[in-house]
Structure formats: C-alpha cells, structure tokens
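Reading through the structure tokens given below for one structure.
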Amino acid sequence: MNALDLLGFVTVDAFWSALAALGFAVLFNVPRRVLVGCGRVGAAGHASRALLMEGFGVSIVAGTLAGATLVGLIGLILARRLRVPAMIFNICGGIPMVPGMFAYSTMLSLIRVVDAPPDAGEAFLISAGINGIRTGLILAAIAIGIALPGMLLRREKPVV
Amino acid sequence: MSAVSRTAKPPLEYEVLTDVIDLALWAGQMLLQSGADAARVEETVHRMGTGLGCDWMDILVSPNVLLVTTISGDQFRTKVRRVPRMGVNMTIVDEINHLSRRIDHGELDRLAVRAELRRIDTLHDNYDRWTVVVMVGLACASFSRLFGADWGAFGVTFCAAAIAQWTRQELHKHHFNTFMITAITAFTAGCVASLASVLELSDQPQLALAASVLLLVPGVPLIHSIEDIIYGHVLIGLTRGLIGAILAMCIALGLLLAMGLMGVSGL
C-alpha cells in the first residue's frame, strides 16, 4: 500500500470509528458538550491502530495497546479541558476497538462443536480457541492501554 | 491525612453523622449503578463525607452492595445499601463528580447537597429514545463497514441494530431480567440481520449478523473489570468480568436461536 492509499484508508477508518463511538456515547447518555470529543477520541484510537497495522505491520494486540494508550492520553487532556471524568472519553474511545468479530467467531465455533460430526469437532474447537485468545488479549490491551496514561501521569497519593 | 487535620475538625453530632452517611451512600449508589469504576466510587464517597465535616470515611465497594462507615471524633456510624441495578449513565457520573468537588471546596451544606442529589436522581436523559435508536443503528452499521462489509450489509445492520435497540428499550420498561433482555434483543437483531442472507442483499451476510449484535456487547463491565483489578478491587473486577462473559453467552444464545429459526449458517 502506498502512502496515499494508506492515508485514504485511515481517513475512512477514522470516519466510521468516530460514528461508532458517537452512537455508543449517545447510548451511554454522555453530557451533550462532550459528544464531539467522544467521536474524536474514538476515531483517534481506532484509526491509529489501523495505521499501525496496515502501514507498519504491527500485530493487532500491540496496535490495540498503542491505540488505547492514545485514547487514554487524549481522554486525560480533554477531561481536564472540559472538566468531566476522563472515564467518559476512555469508554467511548475504547468501544470501536472492542473485538466484536472475534467474539462472534468464538461463540459460533463453540456452538458448532456441539453438533459437529465426530471427526470434525477439533477444527471448530481450534477455531474457538484461536478466536477466544484473540478476543481476550485485545480486550485486555484496550483496558490496560486506556489505564496506562493515568497510571503514569496522575500518581497523587490516594485520598482513601 | 495528617493528624493535625484530623483533629482540626469539630466533632459532629450523632444525627449529623446519620445525615452525612445517608447522602454519601446515595451518591455512591447512583455512581455504582451508572457504571463508575470502584476506585471512583470509593474516592467520591470519601470526598463527600470529609467535605461535609467527617474526619474519615471507610468504604467497601462490593459488586452489588455499598458499605460505608463515617467517623467524627469519638462517634462513628456504619450503613449498608444495596445497589441492585447496573447500567451506564455518563451524565450522572459527571454530575456526581462535579458535586463532590463542590462539596470538597466547602461550597455546599447538607441541605443543598440533598437538593442537588434529588435533582441528579430525577434528571431526564439527554437524548430522546428515537435519537438513541437511530444512533445505535448507525454505530453498529459503522462497525459492519469497519469489518469490511458492503453497503447491503451496512443497510441490513442498521435496520437490525435499530430494531434491536427499540426492543431493548421496550423490555427495559417492563423490568425483565438483564440476561433475558440481552438474549431476546440478540434474537431480534439476529432475525432481522438474517434477512441479508435470506433475501441475498449482501455478499457477506455473516458480517451483518456479527455487527448487528454489537450494541449488546458488555464493553463497560469488561473494560472496568480489568481496570478494577489493576487498582486493587479484585472481587468486583472478577464479578464484572464474569457478568460480561455471561452476557456474551446470552448474545450467542439469542443469535443461535435466530439463525436456527431463519435457517442461516452464519459463517
């Protein structure tokens, strides 16, 4: 993929992930004044992952960790500027990266195992295992990534 | 907290302590059932109590119960409150967070805090139900594009997710069990999304099926699960993870029934 194609791909990706983040922001009833910010954070996270994966061949888990860290960082900055909990941006920004397709494949493969012919069950089990591991690791990468900036930058003594 | 500031506050009357613990529990309960992480609940309740004149607050955040002890001078009170519902409402999290900071700065007395909490508790949603239906439909349809689906699957996903969201709202109104709501909603989404395959509206009907149930994915409990464990709230973290996994199984169950009914393979 040359640079121009890559730019186009990432832009389209940013558009759809912003829309996905916005939809979930509305579902989570975020305050109206942070709605645009939620869309931006969602686009930044997912598009940066797409750029890393397509442009630099980074694996999806490492890409997700980087994208989620960016979400956490922008979330901290926007939270300070708009005076809202950073959690709002973290959640809405993390949502587009949630591995829905892998989770779907995992569940479907597991269900297939039940009525598979005797010698074909292993294939579904392997598919469920692979997709399950991907789902789990990507989810963990999202959660750790969005928590990282806060853990590194806001280390005041806990009040409790 | 230093020993100096501990003794600097005048001791509160027993009745005042009762009032403070009630207010702090109310705020904590609203936070927990609006999808705040355990550390935020703990911090906010503590800040509210000390801001209203207590020396110290001890808080136990467990998966569906809050336990708070307020301490002032030689007096202390302890109270438990059930938190049966778990939803997501970011506006309430934002409002309570703001309120606790104002209390911390000494801007509000107990009467004003009670009025504010009552206002927050009765806040209307920022978006009317049809806006939510359309936006959730668009969000899931966007996911189908991110998965690489064509416009046929995009359209089917939009319809399926929007109808599913409407179904979920109706079921919520009638107080069905959360897991049941998830399964029935997934079933509805699956039935509509199967039309992509039945009516041959798309070359990748499986993407419409996968994307149309994403509105149900328990993203908030799953993300909080790991965050809570990171910050030392292991029990509530594990509970959230387990609830997330069971909700995912409910989605699978609903989808399976829909695919069986519609005669769609899904891969």
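Residues are named by chain letter and number: chains run A, B, ... in the order of the structure tokens, numbers start at 1 in each chain, and ligands are numbered from 1 in the order shown.
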
Residue list for chain A near chain B as an mmCIF file with N, CA and C atoms, in the first residue's frame, 8 Å, only C-alpha atoms:
```cif
data_model
loop_
_atom_site.group_PDB
_atom_site.id
_atom_site.type_symbol
_atom_site.label_atom_id
_atom_site.label_comp_id
_atom_site.auth_asym_id
_atom_site.auth_seq_id
_atom_site.Cartn_x
_atom_site.Cartn_y
_atom_site.Cartn_z
ATOM 1 N N ASP A 13 -11.419 4.871 7.792
ATOM 2 C CA ASP A 13 -11.487 4.147 9.057
ATOM 3 C C ASP A 13 -11.841 5.092 10.204
ATOM 4 N N TRP A 16 -15.676 6.028 10.133
ATOM 5 C CA TRP A 16 -16.606 5.013 10.646
ATOM 6 C C TRP A 16 -16.416 4.783 12.135
ATOM 7 N N SER A 17 -15.159 4.835 12.626
ATOM 8 C CA SER A 17 -14.988 4.591 14.063
ATOM 9 C C SER A 17 -15.504 5.775 14.875
ATOM 10 N N LEU A 19 -18.127 7.507 14.080
ATOM 11 C CA LEU A 19 -19.582 7.305 14.106
ATOM 12 C C LEU A 19 -19.951 6.219 15.125
ATOM 13 N N ALA A 20 -19.149 5.147 15.162
ATOM 14 C CA ALA A 20 -19.409 4.067 16.126
ATOM 15 C C ALA A 20 -19.293 4.594 17.556
ATOM 16 N N ALA A 21 -18.237 5.384 17.816
ATOM 17 C CA ALA A 21 -18.041 5.939 19.165
ATOM 18 C C ALA A 21 -19.186 6.882 19.522
ATOM 19 N N LEU A 22 -19.627 7.691 18.565
ATOM 20 C CA LEU A 22 -20.723 8.630 18.802
ATOM 21 C C LEU A 22 -22.006 7.889 19.178
ATOM 22 N N GLY A 23 -22.297 6.817 18.423
ATOM 23 C CA GLY A 23 -23.505 6.044 18.699
ATOM 24 C C GLY A 23 -23.512 5.504 20.115
ATOM 25 N N PHE A 24 -22.367 4.972 20.544
ATOM 26 C CA PHE A 24 -22.312 4.428 21.902
ATOM 27 C C PHE A 24 -22.315 5.542 22.938
ATOM 28 N N VAL A 26 -24.058 8.254 22.721
ATOM 29 C CA VAL A 26 -25.476 8.585 22.892
ATOM 30 C C VAL A 26 -26.156 7.514 23.743
ATOM 31 N N LEU A 27 -25.833 6.252 23.491
ATOM 32 C CA LEU A 27 -26.412 5.154 24.276
ATOM 33 C C LEU A 27 -26.048 5.285 25.752
ATOM 34 N N PHE A 28 -24.813 5.736 26.036
ATOM 35 C CA PHE A 28 -24.356 5.870 27.414
ATOM 36 C C PHE A 28 -24.769 7.207 28.022
ATOM 37 N N ASN A 29 -25.569 8.004 27.279
ATOM 38 C CA ASN A 29 -26.117 9.254 27.806
ATOM 39 C C ASN A 29 -25.018 10.205 28.289
ATOM 40 N N VAL A 30 -24.001 10.448 27.453
ATOM 41 C CA VAL A 30 -22.940 11.379 27.862
ATOM 42 C C VAL A 30 -23.501 12.806 27.822
ATOM 43 N N PRO A 31 -22.915 13.727 28.617
ATOM 44 C CA PRO A 31 -23.350 15.125 28.527
ATOM 45 C C PRO A 31 -23.150 15.638 27.098
ATOM 46 N N ARG A 32 -24.088 16.500 26.634
ATOM 47 C CA ARG A 32 -24.038 16.944 25.246
ATOM 48 C C ARG A 32 -22.729 17.640 24.890
ATOM 49 N N VAL A 84 -14.712 17.068 32.890
ATOM 50 C CA VAL A 84 -15.561 15.884 33.068
ATOM 51 C C VAL A 84 -14.641 14.722 33.426
ATOM 52 N N PRO A 85 -15.189 13.626 33.989
ATOM 53 C CA PRO A 85 -14.343 12.466 34.296
ATOM 54 C C PRO A 85 -13.721 11.898 33.009
ATOM 55 N N ILE A 88 -15.320 8.940 30.761
ATOM 56 C CA ILE A 88 -16.284 9.069 29.659
ATOM 57 C C ILE A 88 -15.568 8.904 28.323
ATOM 58 N N ILE A 91 -14.059 5.181 27.861
ATOM 59 C CA ILE A 91 -15.017 4.148 27.490
ATOM 60 C C ILE A 91 -15.452 4.332 26.031
ATOM 61 N N ILE A 95 -14.530 1.707 22.818
ATOM 62 C CA ILE A 95 -15.580 0.886 22.220
ATOM 63 C C ILE A 95 -15.306 0.474 20.760
ATOM 64 N N PRO A 96 -14.869 1.388 19.868
ATOM 65 C CA PRO A 96 -14.673 0.949 18.475
ATOM 66 C C PRO A 96 -13.629 -0.166 18.322
ATOM 67 N N VAL A 98 -13.277 -2.704 20.407
ATOM 68 C CA VAL A 98 -13.741 -3.955 21.010
ATOM 69 C C VAL A 98 -13.866 -5.032 19.928
ATOM 70 N N GLY A 100 -15.472 -7.284 18.329
ATOM 71 C CA GLY A 100 -16.783 -7.903 18.130
ATOM 72 C C GLY A 100 -16.755 -9.089 17.187
ATOM 73 N N MET A 101 -15.980 -8.952 16.104
ATOM 74 C CA MET A 101 -15.942 -10.021 15.099
ATOM 75 C C MET A 101 -15.288 -11.289 15.666
ATOM 76 N N TYR A 104 -17.641 -12.920 18.125
ATOM 77 C CA TYR A 104 -18.695 -13.600 17.371
ATOM 78 C C TYR A 104 -18.192 -14.946 16.849
ATOM 79 N N MET A 107 -17.881 -17.517 19.729
ATOM 80 C CA MET A 107 -19.156 -18.080 20.193
ATOM 81 C C MET A 107 -19.712 -19.050 19.160
ATOM 82 N N LEU A 108 -19.619 -18.661 17.893
ATOM 83 C CA LEU A 108 -20.191 -19.503 16.840
ATOM 84 C C LEU A 108 -19.450 -20.836 16.742
ATOM 85 N N LEU A 139 -9.140 -7.347 24.309
ATOM 86 C CA LEU A 139 -9.879 -6.678 25.390
ATOM 87 C C LEU A 139 -8.932 -6.216 26.488
ATOM 88 N N ALA A 140 -8.001 -7.100 26.863
ATOM 89 C CA ALA A 140 -7.038 -6.736 27.909
ATOM 90 C C ALA A 140 -6.196 -5.557 27.450
ATOM 91 N N ILE A 142 -7.051 -3.180 25.403
ATOM 92 C CA ILE A 142 -7.847 -1.947 25.486
ATOM 93 C C ILE A 142 -7.839 -1.421 26.921
ATOM 94 N N ALA A 143 -8.163 -2.322 27.872
ATOM 95 C CA ALA A 143 -8.294 -1.885 29.266
ATOM 96 C C ALA A 143 -6.965 -1.385 29.818
ATOM 97 N N ILE A 144 -5.880 -2.116 29.533
ATOM 98 C CA ILE A 144 -4.572 -1.696 30.050
ATOM 99 C C ILE A 144 -4.142 -0.407 29.365
ATOM 100 N N ALA A 147 -5.849 2.662 30.692
ATOM 101 C CA ALA A 147 -5.489 2.956 32.088
ATOM 102 C C ALA A 147 -4.050 3.467 32.197
ATOM 103 N N VAL A 159 -6.641 9.404 48.063
ATOM 104 C CA VAL A 159 -7.300 10.068 49.193
ATOM 105 C C VAL A 159 -7.902 9.054 50.154
ATOM 106 N N VAL A 160 -8.166 7.846 49.658
ATOM 107 C CA VAL A 160 -8.861 6.873 50.502
ATOM 108 C C VAL A 160 -7.854 5.946 51.160
#
```

Handout entry: Who sits within 12 Å of segment 66-71 of chain A, only C-alpha atoms, same chain under 6 positions skipped, as a PyMOL selection string
Key = (chain A and resi 21+37-53+58-60+77-79+86-98+138-152) or (chain B and resi 223)

Residues from last step as file, N, CA and C atoms, as a short mmCIF file (atom, residue, chain, number, x, y, z; two decimals), in the first residue's frame:
```
data_model
loop_
_atom_site.label_atom_id
_atom_site.label_comp_id
_atom_site.auth_asym_id
_atom_site.auth_seq_id
_atom_site.Cartn_x
_atom_site.Cartn_y
_atom_site.Cartn_z
N ALA A 21 -18.24 5.38 17.82
CA ALA A 21 -18.04 5.94 19.17
C ALA A 21 -19.19 6.88 19.52
N GLY A 37 -16.17 15.39 21.44
CA GLY A 37 -14.92 14.85 21.95
C GLY A 37 -14.91 13.33 21.93
N CYS A 38 -16.05 12.71 22.27
CA CYS A 38 -16.14 11.24 22.27
C CYS A 38 -15.89 10.70 20.87
N GLY A 39 -16.50 11.34 19.87
CA GLY A 39 -16.29 10.91 18.49
C GLY A 39 -14.83 11.01 18.09
N ARG A 40 -14.19 12.12 18.48
CA ARG A 40 -12.78 12.33 18.13
C ARG A 40 -11.89 11.27 18.76
N VAL A 41 -12.12 11.00 20.04
CA VAL A 41 -11.29 10.02 20.74
C VAL A 41 -11.45 8.64 20.09
N GLY A 42 -12.71 8.29 19.76
CA GLY A 42 -12.95 7.00 19.11
C GLY A 42 -12.22 6.89 17.79
N ALA A 43 -12.26 7.97 17.00
CA ALA A 43 -11.58 7.97 15.71
C ALA A 43 -10.07 7.86 15.90
N ALA A 44 -9.54 8.62 16.86
CA ALA A 44 -8.09 8.63 17.08
C ALA A 44 -7.59 7.23 17.44
N GLY A 45 -8.29 6.55 18.35
CA GLY A 45 -7.85 5.24 18.80
C GLY A 45 -7.87 4.21 17.69
N HIS A 46 -9.03 4.07 17.03
CA HIS A 46 -9.17 3.01 16.04
C HIS A 46 -8.34 3.29 14.80
N ALA A 47 -8.29 4.58 14.36
CA ALA A 47 -7.54 4.91 13.15
C ALA A 47 -6.04 4.75 13.37
N SER A 48 -5.56 5.07 14.58
CA SER A 48 -4.12 4.90 14.82
C SER A 48 -3.78 3.41 14.83
N ARG A 49 -4.69 2.59 15.34
CA ARG A 49 -4.46 1.14 15.28
C ARG A 49 -4.43 0.68 13.83
N ALA A 50 -5.38 1.18 13.01
CA ALA A 50 -5.42 0.79 11.60
C ALA A 50 -4.14 1.20 10.89
N LEU A 51 -3.63 2.41 11.21
CA LEU A 51 -2.40 2.90 10.59
C LEU A 51 -1.23 2.01 10.97
N LEU A 52 -1.13 1.65 12.25
CA LEU A 52 -0.02 0.82 12.70
C LEU A 52 -0.08 -0.56 12.05
N MET A 53 -1.30 -1.12 11.95
CA MET A 53 -1.43 -2.47 11.41
C MET A 53 -1.18 -2.51 9.90
N VAL A 58 2.21 -3.92 12.36
CA VAL A 58 2.15 -4.24 13.79
C VAL A 58 1.02 -5.24 14.02
N SER A 59 1.18 -6.12 15.01
CA SER A 59 0.12 -7.09 15.31
C SER A 59 -1.09 -6.39 15.91
N ILE A 60 -2.25 -7.05 15.87
CA ILE A 60 -3.48 -6.37 16.30
C ILE A 60 -3.47 -6.08 17.80
N ILE A 77 -6.42 14.69 28.56
CA ILE A 77 -6.32 16.10 28.16
C ILE A 77 -7.71 16.72 28.03
N LEU A 78 -8.61 16.01 27.30
CA LEU A 78 -9.96 16.53 27.10
C LEU A 78 -10.71 16.64 28.43
N ALA A 79 -10.48 15.66 29.33
CA ALA A 79 -11.17 15.67 30.61
C ALA A 79 -10.79 16.90 31.41
N ALA A 86 -12.44 11.56 33.06
CA ALA A 86 -11.74 11.01 31.89
C ALA A 86 -12.37 9.69 31.45
N MET A 87 -13.04 9.02 32.40
CA MET A 87 -13.67 7.73 32.12
C MET A 87 -14.61 7.80 30.92
N ILE A 88 -15.32 8.94 30.76
CA ILE A 88 -16.28 9.07 29.66
C ILE A 88 -15.57 8.90 28.32
N PHE A 89 -14.43 9.60 28.16
CA PHE A 89 -13.70 9.50 26.90
C PHE A 89 -13.04 8.14 26.75
N ASN A 90 -12.55 7.60 27.86
CA ASN A 90 -11.90 6.29 27.80
C ASN A 90 -12.85 5.21 27.29
N ILE A 91 -14.06 5.18 27.86
CA ILE A 91 -15.02 4.15 27.49
C ILE A 91 -15.45 4.33 26.03
N CYS A 92 -15.88 5.56 25.69
CA CYS A 92 -16.37 5.78 24.33
C CYS A 92 -15.25 5.59 23.31
N GLY A 93 -14.02 5.94 23.67
CA GLY A 93 -12.90 5.78 22.75
C GLY A 93 -12.48 4.33 22.60
N GLY A 94 -12.67 3.55 23.66
CA GLY A 94 -12.26 2.15 23.61
C GLY A 94 -13.25 1.28 22.83
N ILE A 95 -14.53 1.71 22.82
CA ILE A 95 -15.58 0.89 22.22
C ILE A 95 -15.31 0.47 20.76
N PRO A 96 -14.87 1.39 19.87
CA PRO A 96 -14.67 0.95 18.48
C PRO A 96 -13.63 -0.17 18.32
N MET A 97 -12.72 -0.30 19.29
CA MET A 97 -11.68 -1.32 19.17
C MET A 97 -12.10 -2.67 19.75
N VAL A 98 -13.28 -2.70 20.41
CA VAL A 98 -13.74 -3.95 21.01
C VAL A 98 -13.87 -5.03 19.93
N ILE A 138 -7.12 -8.79 23.06
CA ILE A 138 -7.45 -7.45 22.56
C ILE A 138 -8.20 -6.66 23.63
N LEU A 139 -9.14 -7.35 24.31
CA LEU A 139 -9.88 -6.68 25.39
C LEU A 139 -8.93 -6.22 26.49
N ALA A 140 -8.00 -7.10 26.86
CA ALA A 140 -7.04 -6.74 27.91
C ALA A 140 -6.20 -5.56 27.45
N ALA A 141 -5.80 -5.56 26.16
CA ALA A 141 -4.98 -4.47 25.63
C ALA A 141 -5.74 -3.14 25.71
N ILE A 142 -7.05 -3.18 25.40
CA ILE A 142 -7.85 -1.95 25.49
C ILE A 142 -7.84 -1.42 26.92
N ALA A 143 -8.16 -2.32 27.87
CA ALA A 143 -8.29 -1.88 29.27
C ALA A 143 -6.97 -1.38 29.82
N ILE A 144 -5.88 -2.12 29.53
CA ILE A 144 -4.57 -1.70 30.05
C ILE A 144 -4.14 -0.41 29.36
N GLY A 145 -4.36 -0.33 28.06
CA GLY A 145 -3.95 0.87 27.30
C GLY A 145 -4.61 2.13 27.81
N ILE A 146 -5.94 2.09 28.02
CA ILE A 146 -6.60 3.32 28.46
C ILE A 146 -6.28 3.66 29.91
N ALA A 147 -5.85 2.66 30.69
CA ALA A 147 -5.49 2.96 32.09
C ALA A 147 -4.05 3.47 32.20
N LEU A 148 -3.20 3.13 31.20
CA LEU A 148 -1.76 3.44 31.29
C LEU A 148 -1.45 4.92 31.51
N PRO A 149 -1.96 5.85 30.66
CA PRO A 149 -1.60 7.26 30.85
C PRO A 149 -1.93 7.77 32.24
N GLY A 150 -3.11 7.36 32.77
CA GLY A 150 -3.49 7.79 34.11
C GLY A 150 -2.54 7.26 35.16
N MET A 151 -2.12 5.98 34.98
CA MET A 151 -1.21 5.38 35.95
C MET A 151 0.15 6.06 35.93
N LEU A 152 0.56 6.50 34.72
CA LEU A 152 1.89 7.11 34.60
C LEU A 152 1.88 8.58 35.01
N ILE B 223 -14.27 -3.62 30.33
CA ILE B 223 -13.15 -2.69 30.48
C ILE B 223 -12.93 -2.38 31.97
#
```

Practice task
Can you work out the spacing between atom CA of Ile130 of chain A and atom CA of Leu238 of chain B in Å, to one decimal?
Solution key: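 Computed distance, atom CA of Ile130 of chain A to atom CA of Leu238 of chain B, equals 22.8 Å.
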
Practice task
Determine, counting only C-alpha atoms, which protein, DNA and RNA residues have an atom within 7 Å of an atom of segment 15-24 of chain B; residues of the same chain fewer than 3 positions away are not included. Present the result as a PyMOL selection string.
Solution key: chain B and resi 12+27-28+45+48-49+52+70+77+114

Problem - Residue nearest Asp150 of chain B among B:Ser72, B:Ser62, B:Thr50, B:Ser202 (counting only C-alpha atoms) - result: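 Checking each candidate against Asp150 of chain B, we get B:Ser202 as the closest.
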